[in-house]
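coords_3.pdb (PDB, C-alpha atoms)
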```
ATOM      1  CA  MET A   1       0.000   0.000   0.000
ATOM      2  CA  ALA A   2       1.393   3.328  -0.991
ATOM      3  CA  THR A   3       2.012   5.875   1.703
ATOM      4  CA  HIS A   4       1.704   9.601   1.308
ATOM      5  CA  ALA A   5       3.928  12.088   3.080
ATOM      6  CA  THR A   6       2.067  14.669   5.078
ATOM      7  CA  ALA A   7       3.069  18.236   4.425
ATOM      8  CA  PRO A   8       3.882  20.260   7.520
ATOM      9  CA  HIS A   9       1.209  22.703   8.696
ATOM     10  CA  THR A  10       3.307  25.786   8.405
ATOM     11  CA  ALA A  11       0.350  28.069   9.042
ATOM     12  CA  ALA A  12      -0.312  26.488  12.434
ATOM     13  CA  HIS A  13       3.352  26.214  13.390
ATOM     14  CA  PRO A  14       5.282  29.157  11.959
ATOM     15  CA  THR A  15       9.012  28.658  11.811
ATOM     16  CA  ALA A  16       9.777  32.161  13.002
ATOM     17  CA  ALA A  17       7.506  34.363  15.100
ATOM     18  CA  THR A  18       7.587  38.003  14.311
ATOM     19  CA  PRO A  19       7.329  40.039  17.500
ATOM     20  CA  ALA A  20       4.363  42.373  17.541
ATOM     21  CA  THR A  21       5.245  45.999  17.312
ATOM     22  CA  PRO A  22       3.620  47.910  20.172
ATOM     23  CA  THR A  23       1.273  50.580  19.009
ATOM     24  CA  PRO A  24       2.555  53.961  20.122
ATOM     25  CA  VAL A  25       0.395  55.941  22.529
ATOM     26  CA  THR A  26      -1.049  58.986  20.847
ATOM     27  CA  PRO A  27      -2.221  62.239  22.435
ATOM     28  CA  ALA A  28      -5.747  61.174  21.528
ATOM     29  CA  ASP A  29      -5.318  57.938  23.514
ATOM     30  CA  ALA A  30      -4.078  59.880  26.523
ATOM     31  CA  ALA A  31      -7.005  62.261  26.233
ATOM     32  CA  ASP A  32      -9.480  59.359  26.106
ATOM     33  CA  ALA A  33      -7.881  57.711  29.135
ATOM     34  CA  ALA A  34      -8.043  60.971  31.075
ATOM     35  CA  ARG A  35     -11.645  61.408  29.979
ATOM     36  CA  LEU A  36     -12.520  57.976  31.381
ATOM     37  CA  VAL A  37     -10.903  58.871  34.706
ATOM     38  CA  ALA A  38     -12.831  62.137  34.666
ATOM     39  CA  PHE A  39     -16.057  60.167  34.322
ATOM     40  CA  GLY A  40     -14.941  58.144  37.328
ATOM     41  CA  LEU A  41     -14.720  61.355  39.335
ATOM     42  CA  GLN A  42     -18.356  62.148  38.491
ATOM     43  CA  PRO A  43     -20.139  59.401  40.416
ATOM     44  CA  LYS A  44     -23.610  60.573  39.454
ATOM     45  CA  VAL A  45     -22.918  60.003  35.748
ATOM     46  CA  GLN A  46     -24.114  56.515  34.797
ATOM     47  CA  PRO A  47     -22.629  54.580  31.852
ATOM     48  CA  ALA A  48     -26.076  53.364  30.843
ATOM     49  CA  ARG A  49     -27.120  56.964  30.239
ATOM     50  CA  ASP A  50     -23.968  58.306  28.624
ATOM     51  CA  GLN A  51     -22.866  56.852  25.292
ATOM     52  CA  GLU A  52     -19.325  58.232  25.454
ATOM     53  CA  TYR A  53     -18.805  56.814  28.942
ATOM     54  CA  ALA A  54     -20.107  53.395  27.857
ATOM     55  CA  GLU A  55     -17.810  53.387  24.807
ATOM     56  CA  LEU A  56     -14.756  54.243  26.900
ATOM     57  CA  LEU A  57     -15.626  51.434  29.309
ATOM     58  CA  ARG A  58     -15.911  49.028  26.387
ATOM     59  CA  ARG A  59     -12.499  50.155  25.146
ATOM     60  CA  TYR A  60     -11.035  49.674  28.618
ATOM     61  CA  ARG A  61     -12.347  46.110  28.630
ATOM     62  CA  ASP A  62     -11.273  45.204  25.080
ATOM     63  CA  ASP A  63      -8.021  47.160  24.721
ATOM     64  CA  PRO A  64      -5.438  46.176  27.403
ATOM     65  CA  PRO A  65      -2.908  48.913  26.467
ATOM     66  CA  PHE A  66      -5.665  51.509  26.830
ATOM     67  CA  ALA A  67      -6.694  49.998  30.178
ATOM     68  CA  ARG A  68      -3.099  50.251  31.434
ATOM     69  CA  LEU A  69      -2.959  53.859  30.246
ATOM     70  CA  ALA A  70      -6.183  54.748  32.085
ATOM     71  CA  ASP A  71      -4.924  53.016  35.237
ATOM     72  CA  ALA A  72      -1.695  55.005  34.993
ATOM     73  CA  VAL A  73      -3.594  58.280  34.667
ATOM     74  CA  ALA A  74      -5.628  57.398  37.754
ATOM     75  CA  THR A  75      -2.500  56.459  39.712
ATOM     76  CA  GLY A  76      -0.820  59.699  38.743
ATOM     77  CA  LEU A  77      -3.782  61.605  40.182
ATOM     78  CA  GLY A  78      -3.570  59.719  43.456
ATOM     79  CA  LEU A  79      -6.616  57.570  42.738
ATOM     80  CA  VAL A  80      -7.159  53.866  43.395
ATOM     81  CA  VAL A  81      -9.257  52.026  40.803
ATOM     82  CA  LEU A  82     -11.749  49.822  42.653
ATOM     83  CA  GLU A  83     -13.614  48.453  39.641
ATOM     84  CA  VAL A  84     -14.249  49.190  35.996
ATOM     85  CA  SER A  85     -17.541  47.709  34.814
ATOM     86  CA  PRO A  86     -20.857  48.653  33.227
ATOM     87  CA  ARG A  87     -22.575  48.481  36.646
ATOM     88  CA  ALA A  88     -20.163  50.728  38.531
ATOM     89  CA  GLY A  89     -18.471  52.652  35.744
ATOM     90  CA  MET A  90     -14.893  53.538  36.564
ATOM     91  CA  ALA A  91     -15.160  53.426  40.328
ATOM     92  CA  VAL A  92     -12.219  55.164  41.967
ATOM     93  CA  THR A  93     -11.342  56.186  45.484
ATOM     94  CA  ALA A  94      -8.777  58.752  46.490
ATOM     95  CA  ALA A  95      -5.563  57.770  48.219
ATOM     96  CA  GLU A  96      -4.784  59.659  51.418
ATOM     97  CA  ASP A  97      -2.340  61.997  49.701
ATOM     98  CA  SER A  98      -4.530  62.635  46.673
ATOM     99  CA  LEU A  99      -5.759  66.071  45.714
ATOM    100  CA  PHE A 100      -9.222  64.495  45.464
ATOM    101  CA  ALA A 101      -9.242  63.006  48.961
ATOM    102  CA  VAL A 102     -12.162  64.100  51.102
ATOM    103  CA  ARG A 103     -11.054  63.376  54.622
ATOM    104  CA  MET A 104     -13.667  62.739  57.264
ATOM    105  CA  GLY A 105     -12.136  65.427  59.451
ATOM    106  CA  ASP A 106     -12.482  68.011  56.682
ATOM    107  CA  TYR A 107     -16.061  66.954  55.993
ATOM    108  CA  ALA A 108     -16.956  67.066  59.696
ATOM    109  CA  ARG A 109     -15.340  70.488  60.178
ATOM    110  CA  ARG A 110     -17.435  71.835  57.314
ATOM    111  CA  ALA A 111     -20.524  70.272  58.849
ATOM    112  CA  SER A 112     -19.927  71.538  62.384
ATOM    113  CA  ALA A 113     -17.496  73.640  64.365
ATOM    114  CA  ASP A 114     -18.088  71.619  67.527
ATOM    115  CA  SER A 115     -15.520  68.859  68.132
ATOM    116  CA  GLY A 116     -18.136  66.589  69.729
ATOM    117  CA  ASP A 117     -20.349  66.928  66.658
ATOM    118  CA  ARG A 118     -17.415  66.091  64.389
ATOM    119  CA  PHE A 119     -16.987  62.873  66.325
ATOM    120  CA  LEU A 120     -20.659  62.046  65.861
ATOM    121  CA  HIS A 121     -20.511  62.694  62.112
ATOM    122  CA  GLY A 122     -17.887  59.973  61.807
ATOM    123  CA  LEU A 123     -20.028  57.571  63.814
ATOM    124  CA  ALA A 124     -23.039  58.360  61.608
ATOM    125  CA  HIS A 125     -21.087  57.366  58.489
ATOM    126  CA  LEU A 126     -19.979  54.117  60.115
ATOM    127  CA  ALA A 127     -23.553  53.324  61.121
ATOM    128  CA  VAL A 128     -24.962  53.982  57.630
ATOM    129  CA  ALA A 129     -22.396  51.609  56.105
ATOM    130  CA  ALA A 130     -22.976  48.938  58.732
ATOM    131  CA  LEU A 131     -26.753  49.034  58.398
ATOM    132  CA  ALA A 132     -26.641  49.111  54.593
ATOM    133  CA  PHE A 133     -24.654  45.867  54.372
ATOM    134  CA  PRO A 134     -25.431  43.788  57.465
ATOM    135  CA  ARG A 135     -23.919  40.461  56.308
ATOM    136  CA  PRO A 136     -20.697  39.430  54.570
ATOM    137  CA  GLU A 137     -22.662  37.919  51.702
ATOM    138  CA  ASP A 138     -24.516  41.194  51.167
ATOM    139  CA  LEU A 139     -21.254  43.044  50.820
ATOM    140  CA  ALA A 140     -19.877  40.423  48.438
ATOM    141  CA  ASP A 141     -23.011  40.134  46.257
ATOM    142  CA  ASP A 142     -22.828  42.595  43.360
ATOM    143  CA  ALA A 143     -26.608  42.422  42.951
ATOM    144  CA  TYR A 144     -27.372  43.326  46.576
ATOM    145  CA  ILE A 145     -28.970  46.718  47.220
ATOM    146  CA  GLY A 146     -28.942  48.015  50.781
ATOM    147  CA  ARG A 147     -31.674  50.281  52.105
ATOM    148  CA  VAL A 148     -31.443  52.671  55.038
ATOM    149  CA  SER A 149     -33.456  55.473  56.586
ATOM    150  CA  VAL A 150     -32.377  58.404  58.741
ATOM    151  CA  ASN A 151     -34.555  57.313  61.659
ATOM    152  CA  GLY A 152     -33.466  53.702  61.241
ATOM    153  CA  VAL A 153     -29.798  54.646  61.475
ATOM    154  CA  ASP A 154     -30.478  56.694  64.604
ATOM    155  CA  ALA A 155     -32.351  53.773  66.184
ATOM    156  CA  PHE A 156     -29.463  51.466  65.278
ATOM    157  CA  VAL A 157     -26.886  53.699  66.952
ATOM    158  CA  ARG A 158     -29.052  54.246  70.021
ATOM    159  CA  GLN A 159     -29.497  50.511  70.471
ATOM    160  CA  ALA A 160     -25.739  50.140  70.148
ATOM    161  CA  CYS A 161     -25.424  52.846  72.819
ATOM    162  CA  ARG A 162     -27.632  50.807  75.136
ATOM    163  CA  ARG A 163     -25.478  47.737  74.570
ATOM    164  CA  LEU A 164     -22.353  49.722  75.363
ATOM    165  CA  GLU A 165     -23.948  51.215  78.458
ATOM    166  CA  GLU A 166     -24.838  47.727  79.701
ATOM    167  CA  ARG A 167     -21.280  46.604  79.031
ATOM    168  CA  ALA A 168     -19.910  49.587  80.948
ATOM    169  CA  GLU A 169     -22.167  48.839  83.912
ATOM    170  CA  GLU A 170     -21.096  45.198  83.930
ATOM    171  CA  THR A 171     -17.444  46.225  84.153
ATOM    172  CA  GLY A 172     -18.137  48.910  86.742
ATOM    173  CA  GLU A 173     -17.281  51.865  84.520
ATOM    174  CA  ASN A 174     -19.102  54.987  85.727
ATOM    175  CA  THR A 175     -16.904  57.575  84.052
ATOM    176  CA  ASP A 176     -15.620  58.134  80.568
ATOM    177  CA  PRO A 177     -13.232  55.354  79.561
ATOM    178  CA  ALA A 178      -9.484  55.648  79.397
ATOM    179  CA  THR A 179      -7.914  57.053  76.274
ATOM    180  CA  ASP A 180      -6.777  53.610  75.137
ATOM    181  CA  ALA A 181     -10.340  52.206  75.225
ATOM    182  CA  PRO A 182     -12.129  51.471  71.920
ATOM    183  CA  GLY A 183     -13.490  54.559  70.232
ATOM    184  CA  LEU A 184     -17.128  53.540  70.401
ATOM    185  CA  GLU A 185     -16.952  53.404  74.189
ATOM    186  CA  ALA A 186     -16.463  57.171  74.154
ATOM    187  CA  ALA A 187     -18.862  57.820  71.275
ATOM    188  CA  TRP A 188     -21.942  56.245  72.784
ATOM    189  CA  ARG A 189     -21.953  58.612  75.725
ATOM    190  CA  ILE A 190     -22.033  61.654  73.462
ATOM    191  CA  TRP A 191     -24.677  60.201  71.110
ATOM    192  CA  ALA A 192     -26.951  58.972  73.913
ATOM    193  CA  ARG A 193     -27.023  62.402  75.548
ATOM    194  CA  ARG A 194     -27.887  64.173  72.302
ATOM    195  CA  SER A 195     -31.520  64.797  71.321
ATOM    196  CA  ALA A 196     -32.742  62.707  68.417
ATOM    197  CA  THR A 197     -34.538  65.584  66.676
ATOM    198  CA  GLY A 198     -34.528  68.713  68.814
ATOM    199  CA  ALA A 199     -37.309  71.166  68.175
ATOM    200  CA  THR A 200     -37.906  74.225  66.017
ATOM    201  CA  LYS A 201     -40.991  76.363  65.565
ATOM    202  CA  ASP A 202     -41.700  74.796  62.170
ATOM    203  CA  ALA A 203     -40.999  71.224  63.385
ATOM    204  CA  ARG A 204     -37.770  70.844  61.453
ATOM    205  CA  ARG A 205     -35.055  68.727  62.997
ATOM    206  CA  LEU A 206     -32.129  70.633  64.420
ATOM    207  CA  ALA A 207     -28.826  70.351  62.595
ATOM    208  CA  GLY A 208     -27.093  69.346  65.832
ATOM    209  CA  SER A 209     -29.592  66.602  66.680
ATOM    210  CA  THR A 210     -28.583  63.038  65.928
ATOM    211  CA  THR A 211     -31.068  62.739  63.045
ATOM    212  CA  GLY A 212     -29.812  66.095  61.782
ATOM    213  CA  ILE A 213     -26.259  64.739  61.796
ATOM    214  CA  ILE A 214     -27.358  61.569  60.002
ATOM    215  CA  GLY A 215     -29.288  63.695  57.513
ATOM    216  CA  LYS A 216     -26.097  65.570  56.644
ATOM    217  CA  ALA A 217     -24.198  62.293  56.296
ATOM    218  CA  VAL A 218     -26.683  60.726  53.883
ATOM    219  CA  ALA A 219     -26.974  63.986  51.921
ATOM    220  CA  PHE A 220     -23.192  63.987  51.500
ATOM    221  CA  LEU A 221     -23.261  60.327  50.401
ATOM    222  CA  THR A 222     -26.072  61.088  47.950
ATOM    223  CA  ASP A 223     -24.175  64.044  46.457
ATOM    224  CA  SER A 224     -21.142  61.755  46.136
ATOM    225  CA  GLY A 225     -23.111  59.147  44.172
ATOM    226  CA  PHE A 226     -23.029  56.542  46.955
ATOM    227  CA  LEU A 227     -26.725  56.650  47.891
ATOM    228  CA  GLN A 228     -29.925  57.431  46.017
ATOM    229  CA  ARG A 229     -32.874  58.981  47.825
ATOM    230  CA  THR A 230     -36.029  56.902  47.438
ATOM    231  CA  GLY A 231     -38.576  58.641  49.669
ATOM    232  CA  ASP A 232     -39.376  60.871  52.617
ATOM    233  CA  ASP A 233     -40.584  58.256  55.084
ATOM    234  CA  HIS A 234     -38.720  57.666  58.345
ATOM    235  CA  GLY A 235     -36.770  60.885  58.030
ATOM    236  CA  GLY A 236     -35.680  60.043  54.472
ATOM    237  CA  THR A 237     -35.090  56.648  52.853
ATOM    238  CA  TYR A 238     -32.148  55.718  50.643
ATOM    239  CA  ARG A 239     -30.778  52.858  48.570
ATOM    240  CA  THR A 240     -27.148  52.013  47.998
ATOM    241  CA  THR A 241     -25.291  52.191  44.687
ATOM    242  CA  ALA A 242     -22.599  49.918  43.282
ATOM    243  CA  ARG A 243     -20.014  52.578  44.068
ATOM    244  CA  TYR A 244     -20.997  52.659  47.728
ATOM    245  CA  GLN A 245     -20.739  48.888  47.977
ATOM    246  CA  LEU A 246     -17.214  49.075  46.572
ATOM    247  CA  GLN A 247     -16.303  51.840  49.017
ATOM    248  CA  VAL A 248     -17.649  49.896  51.992
ATOM    249  CA  ARG A 249     -15.773  46.789  50.883
ATOM    250  CA  ASP A 250     -12.641  48.900  50.893
ATOM    251  CA  MET A 251     -13.240  50.075  54.478
ATOM    252  CA  ALA A 252     -14.853  46.922  55.860
ATOM    253  CA  GLY A 253     -11.788  45.750  57.750
ATOM    254  CA  GLY A 254     -11.738  48.850  59.963
ATOM    255  CA  ALA A 255     -11.670  48.193  63.690
ATOM    256  CA  ALA A 256     -14.381  50.735  64.525
ATOM    257  CA  MET A 257     -16.850  49.228  62.066
ATOM    258  CA  ALA A 258     -16.136  45.701  63.272
ATOM    259  CA  GLU A 259     -16.610  46.842  66.857
ATOM    260  CA  LEU A 260     -19.921  48.510  66.042
ATOM    261  CA  LEU A 261     -21.364  45.431  64.357
ATOM    262  CA  ASP A 262     -19.910  43.091  66.974
ATOM    263  CA  LEU A 263     -22.590  44.440  69.321
ATOM    264  CA  GLY A 264     -25.113  42.263  67.458
ATOM    265  CA  VAL A 265     -27.772  44.939  67.059
ATOM    266  CA  VAL A 266     -28.711  43.988  63.477
ATOM    267  CA  PRO A 267     -30.312  40.545  63.104
ATOM    268  CA  VAL A 268     -30.988  39.434  59.534
ATOM    269  CA  ALA A 269     -33.584  36.824  58.664
ATOM    270  CA  ASP A 270     -34.828  37.364  55.114
ATOM    271  CA  GLY A 271     -32.239  39.734  53.695
ATOM    272  CA  THR A 272     -33.921  42.810  55.162
ATOM    273  CA  PRO A 273     -31.937  44.583  57.893
ATOM    274  CA  THR A 274     -33.925  45.058  61.079
ATOM    275  CA  LEU A 275     -33.138  46.106  64.638
ATOM    276  CA  LEU A 276     -33.346  44.201  67.873
ATOM    277  CA  PRO A 277     -36.306  45.171  70.078
ATOM    278  CA  ALA A 278     -35.603  48.179  72.242
ATOM    279  CA  GLN A 279     -36.650  46.355  75.400
ATOM    280  CA  PRO A 280     -34.378  43.524  76.585
ATOM    281  CA  GLY A 281     -36.001  40.180  77.044
ATOM    282  CA  ASP A 282     -38.038  40.100  73.846
ATOM    283  CA  ASP A 283     -37.822  36.693  72.211
ATOM    284  CA  LEU A 284     -35.881  37.182  68.963
ATOM    285  CA  GLU A 285     -33.132  34.878  67.795
ATOM    286  CA  LEU A 286     -30.178  36.116  65.793
ATOM    287  CA  VAL A 287     -29.047  34.273  62.717
ATOM    288  CA  ALA A 288     -25.458  33.083  62.690
ATOM    289  CA  ASP A 289     -22.922  35.903  62.395
ATOM    290  CA  ALA A 290     -25.644  38.528  62.104
ATOM    291  CA  GLY A 291     -23.629  40.842  64.300
ATOM    292  CA  LEU A 292     -20.445  40.405  62.296
ATOM    293  CA  PRO A 293     -21.370  41.420  58.758
ATOM    294  CA  PHE A 294     -17.960  42.525  57.547
ATOM    295  CA  HIS A 295     -14.940  40.579  56.458
ATOM    296  CA  SER A 296     -12.147  40.304  58.967
ATOM    297  CA  ALA A 297      -9.115  42.462  58.421
ATOM    298  CA  PRO A 298      -6.416  40.583  56.484
TER     299      PRO A 298
END
```
Would you kindly transcribe this structure into structure tokens?
Amino acid sequence: MATHATAPHTAAHPTAATPATPTPVTPADAADAARLVAFGLQPKVQPARDQEYAELLRRYRDDPPFARLADAVATGLGLVVLEVSPRAGMAVTAAEDSLFAVRMGDYARRASADSGDRFLHGLAHLAVAALAFPRPEDLADDAYIGRVSVNGVDAFVRQACRRLEERAEETGENTDPATDAPGLEAAWRIWARRSATGATKDARRLAGSTTGIIGKAVAFLTDSGFLQRTGDDHGGTYRTTARYQLQVRDMAGGAAMAELLDLGVVPVADGTPTLLPAQPGDDLELVADAGLPFHSAP
């Protein structure tokens, strides 16, 4: 039987590979990369509603050299890229030394000249984040949407205050704790003494009341594209955005947040955050790890 020689498949196995010539970066490429980062600094702009933004995101996904260029632009501006996706856009957060950093101390000083109030503004932000994402799986699930209200956040913090007061009584602490004690031990005393709403002639809540402080916090988060207002009930109701979830993931290992949730004030049964009854002794079981909703610090 005759045999036939098989010709080599030169197309599949080239004898000599020609190295690809990198495409030079043009001023137009740099401008597009900077434009994408600029979109990332406008958290209220949504890719689904802006064709140019959506196209730049598609290019970031499909063009690795362009993605590296955009990342480099962000890094040069002192920004950390958290995620680039159609759901979140180009989600960035500012490094501590960035020109775009909004430090909590600066925000609190703008909100109030009183040092005690500045302390409470920080606690309000922690409480909003903790109540918005009460379980680890909620924080990890891209489809999860947290919902909070001004009055709900105040109730959450006040219940935490009661837990801390009970803990202080059990250990015999009748005065403010030592300076090396956890921060929340000092915070609860200030929050618990503050009026929830105050009173004005036209029934508006006072800016220095605890709901007034929370109102400023959620307004700031809404202006920053982290929350969306959904109604006026319960002092104002809000839903979280993808950007806020990414931000909270980034801060979830913080000791103060872990300490706040470790009090076990937020039981979760059906995916809806609720609060423990105000009166001790009510029969309500906590699900496993309900009081520890954030990932442990690495």
Q.
When you look at A:His121 with a cut-off of 7 Å (counting all atoms listed in the file), what residues show up, excluding the ones that are within fewer than 2 positions of it in the same chain? I need them as a ChimeraX atom specification.
A. /A:108,117-119,123-125,213,217
Q: Taking the file as shown, find all residues satisfying the PyMOL selection byres ((chain A and resi 196) around 7) and write them as a ChimeraX atom specification.
A: /A:194-195,197-198,209-211
Q. Care to translate the PyMOL selection byres ((chain A and resi 227-231) around 12) into actual residues of this file, as JSON, numbers by chain?
A. {"A": [43, 44, 128, 129, 132, 145, 146, 147, 148, 149, 150, 215, 217, 218, 219, 220, 221, 222, 223, 224, 225, 226, 232, 233, 234, 235, 236, 237, 238, 239, 240, 241, 242, 243, 244, 245, 247]}
Q) Separation of atom CA of A:Asp250 and atom CA of A:Ala88, in Å? A) 14.6 Å
Given 3 Å on each side, where is the centre and what are the edge lengths in Å to one decimal of the axis-aligned box enclosing the listed atoms of stretch 81-95 of chain A, as lines of an AutoDock Vina configuration file?
```
center_x = -14.1
center_y = 53.2
center_z = 40.7
size_x = 23.0
size_y = 17.0
size_z = 21.0
```
Q) For A:Trp188, which of A:Arg49, A:Pro134, A:Leu120, A:Arg87 is the closest residue, counting only C-alpha atoms? A)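 Among A:Arg49, A:Pro134, A:Leu120, A:Arg87, it is A:Leu120 that comes nearest to A:Trp188.
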For A:Thr26, work out the shell of residues within 12 Å, counting only C-alpha atoms and skipping chain neighbours fewer than 5 positions away, then give it as a PDB file with C-alpha atoms, in the frame of the given file.
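Once everything was written out, this is selection17.pdb:
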```
ATOM      1  CA  ALA A  31      -7.005  62.261  26.233  1.00  0.00           C
ATOM      2  CA  ASP A  32      -9.480  59.359  26.106  1.00  0.00           C
ATOM      3  CA  ALA A  33      -7.881  57.711  29.135  1.00  0.00           C
ATOM      4  CA  PRO A  65      -2.908  48.913  26.467  1.00  0.00           C
ATOM      5  CA  PHE A  66      -5.665  51.509  26.830  1.00  0.00           C
ATOM      6  CA  LEU A  69      -2.959  53.859  30.246  1.00  0.00           C
TER       7      LEU A  69
END
```
Q) Quick one: residues within 7 Å of stretch 89-103 of chain A, all atoms listed in the file counted, chain neighbours fewer than 5 positions away excluded, as a count of residues only? A) 13
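Atom CA of A:Arg68 lies 15.0 Å from atom CA of A:Ala28.
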Q: One decimal, Å: what's the distance from atom CA of A:Gly212 over to atom CA of A:Arg162, could you say?
A: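 Pair atom CA of A:Gly212 / atom CA of A:Arg162 returns 20.4 Å.
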